[in-house]
$ cat target_22.pdb   # PDB, C-alpha atoms
MODEL        1
ATOM      1  CA  MET W   1     -15.952   1.088   8.600  1.00  0.00           C
ATOM      2  CA  PRO W   2     -15.199  -0.004   5.050  1.00  0.00           C
ATOM      3  CA  GLN W   3     -12.550  -2.676   4.759  1.00  0.00           C
ATOM      4  CA  PHE W   4     -11.003  -4.775   2.045  1.00  0.00           C
ATOM      5  CA  THR W   5      -8.840  -7.902   2.120  1.00  0.00           C
ATOM      6  CA  THR W   6      -7.306  -9.796  -0.755  1.00  0.00           C
ATOM      7  CA  LYS W   7      -4.767 -12.600  -1.149  1.00  0.00           C
ATOM      8  CA  ARG W   8      -2.808 -13.202  -4.320  1.00  0.00           C
ATOM      9  CA  ARG W   9      -0.237 -15.777  -5.317  1.00  0.00           C
ATOM     10  CA  VAL W  10       2.468 -14.282  -7.482  1.00  0.00           C
ATOM     11  CA  ARG W  11       5.475 -15.702  -9.319  1.00  0.00           C
ATOM     12  CA  HIS W  12       8.006 -13.565  -7.493  1.00  0.00           C
ATOM     13  CA  SER W  13       9.825 -14.178  -4.233  1.00  0.00           C
ATOM     14  CA  ALA W  14       8.452 -12.793  -0.980  1.00  0.00           C
ATOM     15  CA  ALA W  15      11.652 -10.740  -0.536  1.00  0.00           C
ATOM     16  CA  ASP W  16      11.327  -9.201  -4.019  1.00  0.00           C
ATOM     17  CA  MET W  17       7.668  -8.329  -3.445  1.00  0.00           C
ATOM     18  CA  PHE W  18       8.453  -6.872  -0.014  1.00  0.00           C
ATOM     19  CA  ASP W  19      11.147  -4.676  -1.612  1.00  0.00           C
ATOM     20  CA  LEU W  20       8.769  -3.567  -4.355  1.00  0.00           C
ATOM     21  CA  VAL W  21       6.019  -2.532  -1.919  1.00  0.00           C
ATOM     22  CA  ALA W  22       8.586  -0.938   0.424  1.00  0.00           C
ATOM     23  CA  ASP W  23       9.831   1.323  -2.405  1.00  0.00           C
ATOM     24  CA  VAL W  24       7.156   3.920  -1.668  1.00  0.00           C
ATOM     25  CA  GLU W  25       8.889   6.710  -3.596  1.00  0.00           C
ATOM     26  CA  ARG W  26       8.011   4.876  -6.854  1.00  0.00           C
ATOM     27  CA  TYR W  27       4.253   4.652  -6.148  1.00  0.00           C
ATOM     28  CA  PRO W  28       3.315   7.636  -8.353  1.00  0.00           C
ATOM     29  CA  GLU W  29       4.766   5.688 -11.320  1.00  0.00           C
ATOM     30  CA  PHE W  30       2.331   2.775 -11.082  1.00  0.00           C
ATOM     31  CA  VAL W  31      -0.138   2.827  -8.152  1.00  0.00           C
ATOM     32  CA  PRO W  32      -3.687   3.722  -9.229  1.00  0.00           C
ATOM     33  CA  LEU W  33      -4.811   7.163  -7.997  1.00  0.00           C
ATOM     34  CA  CYS W  34      -1.420   8.019  -6.420  1.00  0.00           C
ATOM     35  CA  ALA W  35      -0.570  11.463  -7.789  1.00  0.00           C
ATOM     36  CA  ASN W  36       2.367  12.185  -5.482  1.00  0.00           C
ATOM     37  CA  LEU W  37       4.290  10.745  -2.552  1.00  0.00           C
ATOM     38  CA  LYS W  38       6.837  12.564  -0.418  1.00  0.00           C
ATOM     39  CA  VAL W  39       8.912  10.879   2.279  1.00  0.00           C
ATOM     40  CA  ARG W  40       9.246  13.244   5.250  1.00  0.00           C
ATOM     41  CA  GLU W  41      11.242  11.040   7.605  1.00  0.00           C
ATOM     42  CA  ARG W  42      13.049   7.696   7.519  1.00  0.00           C
ATOM     43  CA  THR W  43      14.494   5.849  10.535  1.00  0.00           C
ATOM     44  CA  THR W  44      16.139   2.434  10.752  1.00  0.00           C
ATOM     45  CA  SER W  45      16.560   0.107  13.709  1.00  0.00           C
ATOM     46  CA  GLY W  46      19.281  -2.519  13.931  1.00  0.00           C
ATOM     47  CA  GLU W  47      16.655  -5.269  13.820  1.00  0.00           C
ATOM     48  CA  GLY W  48      15.758  -4.983  10.124  1.00  0.00           C
ATOM     49  CA  ILE W  49      12.862  -2.610  10.820  1.00  0.00           C
ATOM     50  CA  GLU W  50      12.566   0.709   9.021  1.00  0.00           C
ATOM     51  CA  THR W  51       9.957   3.403   9.668  1.00  0.00           C
ATOM     52  CA  ILE W  52       8.914   5.969   7.079  1.00  0.00           C
ATOM     53  CA  VAL W  53       6.625   8.964   7.522  1.00  0.00           C
ATOM     54  CA  ALA W  54       5.229   9.975   4.145  1.00  0.00           C
ATOM     55  CA  ASP W  55       2.609  12.227   2.570  1.00  0.00           C
ATOM     56  CA  MET W  56       0.590  10.693  -0.239  1.00  0.00           C
ATOM     57  CA  THR W  57      -1.688  12.636  -2.579  1.00  0.00           C
ATOM     58  CA  VAL W  58      -4.564  10.721  -4.115  1.00  0.00           C
ATOM     59  CA  SER W  59      -6.327  12.177  -7.128  1.00  0.00           C
ATOM     60  CA  PHE W  60      -9.489  11.126  -8.948  1.00  0.00           C
ATOM     61  CA  LYS W  61     -11.264  13.427 -11.397  1.00  0.00           C
ATOM     62  CA  LEU W  62     -11.909  16.675  -9.459  1.00  0.00           C
ATOM     63  CA  VAL W  63     -11.104  15.225  -6.033  1.00  0.00           C
ATOM     64  CA  ARG W  64      -7.557  15.570  -4.713  1.00  0.00           C
ATOM     65  CA  GLU W  65      -6.709  14.647  -1.112  1.00  0.00           C
ATOM     66  CA  SER W  66      -3.443  14.276   0.768  1.00  0.00           C
ATOM     67  CA  PHE W  67      -2.755  12.323   3.913  1.00  0.00           C
ATOM     68  CA  ARG W  68       0.214  11.473   6.103  1.00  0.00           C
ATOM     69  CA  SER W  69       1.001   7.980   7.330  1.00  0.00           C
ATOM     70  CA  ARG W  70       3.657   6.047   9.180  1.00  0.00           C
ATOM     71  CA  VAL W  71       4.909   2.995   7.296  1.00  0.00           C
ATOM     72  CA  THR W  72       6.689   0.283   9.273  1.00  0.00           C
ATOM     73  CA  LEU W  73       8.783  -2.025   7.089  1.00  0.00           C
ATOM     74  CA  ASP W  74       9.390  -5.211   9.083  1.00  0.00           C
ATOM     75  CA  ARG W  75      11.793  -7.173   6.881  1.00  0.00           C
ATOM     76  CA  PRO W  76      12.320 -10.120   9.319  1.00  0.00           C
ATOM     77  CA  LYS W  77       8.542 -10.750   9.410  1.00  0.00           C
ATOM     78  CA  LEU W  78       8.029  -9.806   5.715  1.00  0.00           C
ATOM     79  CA  GLN W  79       5.260  -7.446   6.777  1.00  0.00           C
ATOM     80  CA  ILE W  80       4.460  -3.794   6.086  1.00  0.00           C
ATOM     81  CA  LEU W  81       2.099  -1.872   8.358  1.00  0.00           C
ATOM     82  CA  VAL W  82       0.671   1.527   7.383  1.00  0.00           C
ATOM     83  CA  GLU W  83      -0.840   3.721  10.107  1.00  0.00           C
ATOM     84  CA  TYR W  84      -2.741   6.926   9.377  1.00  0.00           C
ATOM     85  CA  LEU W  85      -1.434  10.136  10.976  1.00  0.00           C
ATOM     86  CA  GLN W  86      -3.367  13.057   9.413  1.00  0.00           C
ATOM     87  CA  GLY W  87      -5.624  13.985   6.508  1.00  0.00           C
ATOM     88  CA  PRO W  88      -9.202  13.319   5.371  1.00  0.00           C
ATOM     89  CA  PHE W  89      -9.683  10.045   7.264  1.00  0.00           C
ATOM     90  CA  SER W  90     -10.909   9.529  10.797  1.00  0.00           C
ATOM     91  CA  HIS W  91      -9.206   6.130  10.644  1.00  0.00           C
ATOM     92  CA  MET W  92      -7.045   4.252   8.121  1.00  0.00           C
ATOM     93  CA  ARG W  93      -4.812   1.249   8.618  1.00  0.00           C
ATOM     94  CA  ASN W  94      -3.456  -1.262   6.182  1.00  0.00           C
ATOM     95  CA  ARG W  95      -1.142  -4.247   6.240  1.00  0.00           C
ATOM     96  CA  TRP W  96       0.827  -6.169   3.648  1.00  0.00           C
ATOM     97  CA  SER W  97       2.054  -9.705   4.478  1.00  0.00           C
ATOM     98  CA  PHE W  98       4.313 -11.776   2.227  1.00  0.00           C
ATOM     99  CA  LYS W  99       4.369 -15.562   2.668  1.00  0.00           C
ATOM    100  CA  PRO W 100       7.112 -17.428   0.776  1.00  0.00           C
ATOM    101  CA  LEU W 101       5.953 -20.310  -1.457  1.00  0.00           C
ATOM    102  CA  GLY W 102       9.372 -21.550  -2.517  1.00  0.00           C
ATOM    103  CA  GLU W 103      12.153 -19.408  -3.953  1.00  0.00           C
ATOM    104  CA  ALA W 104      10.253 -17.849  -6.840  1.00  0.00           C
ATOM    105  CA  ALA W 105       6.688 -17.446  -5.564  1.00  0.00           C
ATOM    106  CA  CYS W 106       4.764 -16.033  -2.648  1.00  0.00           C
ATOM    107  CA  GLU W 107       1.315 -15.268  -1.339  1.00  0.00           C
ATOM    108  CA  ILE W 108       0.575 -11.616  -0.669  1.00  0.00           C
ATOM    109  CA  GLU W 109      -2.162 -10.576   1.699  1.00  0.00           C
ATOM    110  CA  PHE W 110      -3.353  -6.971   1.554  1.00  0.00           C
ATOM    111  CA  TYR W 111      -5.745  -5.661   4.209  1.00  0.00           C
ATOM    112  CA  ILE W 112      -7.127  -2.150   4.709  1.00  0.00           C
ATOM    113  CA  ASP W 113      -9.811  -0.572   6.828  1.00  0.00           C
ATOM    114  CA  TYR W 114     -10.645   3.110   6.683  1.00  0.00           C
ATOM    115  CA  GLU W 115     -13.277   5.719   7.350  1.00  0.00           C
ATOM    116  CA  PHE W 116     -13.437   9.235   5.968  1.00  0.00           C
ATOM    117  CA  ARG W 117     -13.819  12.121   8.414  1.00  0.00           C
ATOM    118  CA  SER W 118     -16.434  13.757   6.166  1.00  0.00           C
ATOM    119  CA  ARG W 119     -19.573  11.755   5.425  1.00  0.00           C
ATOM    120  CA  MET W 120     -19.903  13.525   2.047  1.00  0.00           C
ATOM    121  CA  LEU W 121     -16.314  12.660   1.068  1.00  0.00           C
ATOM    122  CA  GLY W 122     -16.958   9.096   2.222  1.00  0.00           C
ATOM    123  CA  VAL W 123     -19.960   8.805  -0.077  1.00  0.00           C
ATOM    124  CA  LEU W 124     -18.118  10.467  -2.977  1.00  0.00           C
ATOM    125  CA  MET W 125     -14.847   8.541  -2.608  1.00  0.00           C
ATOM    126  CA  GLY W 126     -16.020   5.302  -0.980  1.00  0.00           C
ATOM    127  CA  GLY W 127     -17.088   3.441  -4.119  1.00  0.00           C
ATOM    128  CA  MET W 128     -14.043   4.667  -6.014  1.00  0.00           C
ATOM    129  CA  PHE W 129     -11.700   3.483  -3.240  1.00  0.00           C
ATOM    130  CA  ASP W 130     -13.223  -0.001  -3.347  1.00  0.00           C
ATOM    131  CA  VAL W 131     -12.502  -0.220  -7.073  1.00  0.00           C
ATOM    132  CA  ALA W 132      -8.984   1.175  -6.569  1.00  0.00           C
ATOM    133  CA  PHE W 133      -8.122  -1.369  -3.856  1.00  0.00           C
ATOM    134  CA  ARG W 134      -9.086  -4.170  -6.221  1.00  0.00           C
ATOM    135  CA  ARG W 135      -6.698  -2.690  -8.803  1.00  0.00           C
ATOM    136  CA  PHE W 136      -3.791  -2.206  -6.343  1.00  0.00           C
ATOM    137  CA  ALA W 137      -2.854  -5.887  -6.177  1.00  0.00           C
ATOM    138  CA  ALA W 138      -2.817  -6.184  -9.958  1.00  0.00           C
ATOM    139  CA  ALA W 139      -0.741  -2.989 -10.242  1.00  0.00           C
ATOM    140  CA  PHE W 140       1.916  -4.318  -7.862  1.00  0.00           C
ATOM    141  CA  GLU W 141       2.059  -7.664  -9.655  1.00  0.00           C
ATOM    142  CA  ALA W 142       2.427  -5.936 -13.032  1.00  0.00           C
ATOM    143  CA  ARG W 143       5.167  -3.732 -11.572  1.00  0.00           C
ATOM    144  CA  ALA W 144       6.988  -6.838 -10.266  1.00  0.00           C
ATOM    145  CA  ASP W 145       6.820  -8.397 -13.739  1.00  0.00           C
ATOM    146  CA  GLN W 146       8.324  -5.191 -15.154  1.00  0.00           C
ATOM    147  CA  VAL W 147      11.079  -4.856 -12.515  1.00  0.00           C
ATOM    148  CA  TYR W 148      11.993  -8.523 -11.974  1.00  0.00           C
ATOM    149  CA  GLY W 149      10.866 -10.060 -15.280  1.00  0.00           C
ATOM    150  CA  ARG W 150       7.851 -12.256 -15.901  1.00  0.00           C
ATOM    151  CA  LYS W 151       8.207 -15.630 -14.206  1.00  0.00           C
ATOM    152  CA  THR W 152       6.820 -18.765 -15.816  1.00  0.00           C
ATOM    153  CA  ALA W 153       4.986 -21.552 -14.015  1.00  0.00           C
TER     154      ALA W 153
ENDMDL
END
$ encode --input "target_22.pdb" --output "structure tokens"
Amino acid sequence: MPQFTTKRRVRHSAADMFDLVADVERYPEFVPLCANLKVRERTTSGEGIETIVADMTVSFKLVRESFRSRVTLDRPKLQILVEYLQGPFSHMRNRWSFKPLGEAACEIEFYIDYEFRSRMLGVLMGGMFDVAFRRFAAAFEARADQVYGRKTA
């Protein structure tokens, strides 16, 4: 199964970065390949945990695929877990973790593992997904700079 992990230190608080990643409705504005995202369901527990079921459409050249996932926003742990529900994958899971490094900085860890249901789609999309995952972290950091202002060292 293909997988990708990256860690980045950013000049924004862990809480701000958590909020930015949790704002899934805005993904089509800045996330590479995200053509559309529709929230189907949103539930909140009294423990600072929110669960979202959403459909995301990914588009690249002539390929357009949609999939449904469950997103668990765990604010107390500063962690976001995405679990695949339906679409072109046989398996997809990713996790965001935000580790505070003072008040105005944090380390973000992004992890994903996935496998396409169709071998042909896997070959066609696999290399493109690897490139896209490398661009995701930079896209979120650039979005944070835009939303929260560029922080200096």
$ closest_residue --input "target_22.pdb" --among "W:Asn94, W:Gln79, W:Thr51, W:Ser69" --to "Tyr114 of chain W" --atoms "all atoms listed in the file"
W:Asn94
$ residues_around --input "target_22.pdb" --residues "Phe98 of chain W" --least-positions-apart "4" --cutoff "10 Å" --atoms "only C-alpha atoms" --output "number ranges by chain"
W: 7-9, 13-18, 75, 77-80, 105-110
$ resolve_selection --input "target_22.pdb" --expression "the PyMOL selection byres ((chain W and resi 2) around 8)" --output "list in words"
Met1, Gln3, Phe4, Asp113, Tyr114 and Glu115 of chain W
$ residues_around --input "target_22.pdb" --residues "segment 23-40 of chain W" --least-positions-apart "5" --cutoff "6 Å" --atoms "only C-alpha atoms" --output "ChimeraX atom specification"
/W:53-59
$ axis_aligned_box --input "target_22.pdb" --around "segment 87-95 of chain W" --padding-each-side "4 Å" --output "lines of an AutoDock Vina configuration file"
center_x = -6.0
center_y = 4.9
center_z = 8.1
size_x = 17.8
size_y = 26.2
size_z = 13.4
$ atom_distance --input "target_22.pdb" --atom1 "atom CA of Arg68 of chain W" --atom2 "atom CA of Ala142 of chain W"
26.0 Å
$ atom_distance --input "target_22.pdb" --atom1 "atom CA of Phe67 of chain W" --atom2 "atom CA of Asp145 of chain W"
28.9 Å
$ atom_distance --input "target_22.pdb" --atom1 "atom CA of His12 of chain W" --atom2 "atom CA of Val147 of chain W"
10.5 Å
$ resolve_selection --input "target_22.pdb" --expression "the PyMOL selection byres ((chain W and resi 45) around 12)" --output "PyMOL selection string"
chain W and resi 42-44+46-52+72-76
$ closest_residue --input "target_22.pdb" --among "W:Arg117, W:Glu103, W:Tyr111, W:Tyr148" --to "Phe136 of chain W" --atoms "only C-alpha atoms"
W:Tyr111
